[in-house]
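Worksheet: one structure, shown below.
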Amino acid sequence: MSLMKRERSASDSKVIEDIAKQHLGLSTLETRRSDSLDFHDLAVWQLRAALEAAYRAGLAAAKKEER
């Protein structure tokens, strides 16, 4: 199965939301149709931490699939 076409599972969504909350300080990733709610100022170190967490989550998921 192509990774690009793979549907996002509920557990994948939870991991993504947890990363957004923990590293980016975002309460939700839902579109709220309000600039003040949908656009955020973030520091580069927050983005780096979120990307590193996402990378680690991807590695862990790949190791689970190998089994």
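Residue numbers start at 1 in each chain; chains themselves are named A, B, ... in the order of the structure tokens; ligands are numbered from 1 in the order shown.
Residues in contact range of range 12-18 of chain A, defined as at most 9 Å between only C-alpha atoms, with sequence neighbours fewer than 6 positions away removed, read Leu26, Ser27, Thr28, Leu29, Ala54 and Ala57 of chain A.
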- Which residues come within 12 Å of Val44 in chain A, counting only C-alpha atoms, excluding same-chain residues fewer than 6 positions away, as a PyMOL selection string? chain A and resi 23-24+50-51
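With CA of Leu42 in chain A on one side and CA of Arg56 in chain A on the other, the separation reads 20.8 Å.
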- CA of Phe39 in chain A and CA of Gly25 in chain A are how many Å apart? 12.3 Å
- chain A: which residues are helix (DSSP H, G or I) by DSSP, as number ranges by chain? A: 10-24, 35-38, 44-66
- Which distance in Å separates CA of Ala60 in chain A and CA of Leu47 in chain A, to one decimal? 19.9 Å
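Residue nearest Gln22 in chain A, chosen from A:Ala43, A:Ala53, A:Ala61, A:Leu37 and counting only C-alpha atoms: A:Ala53.
Closest to Ile19 in chain A among A:Glu52, A:Glu7, A:Arg32, A:His40 is A:Glu52, based on only C-alpha atoms.
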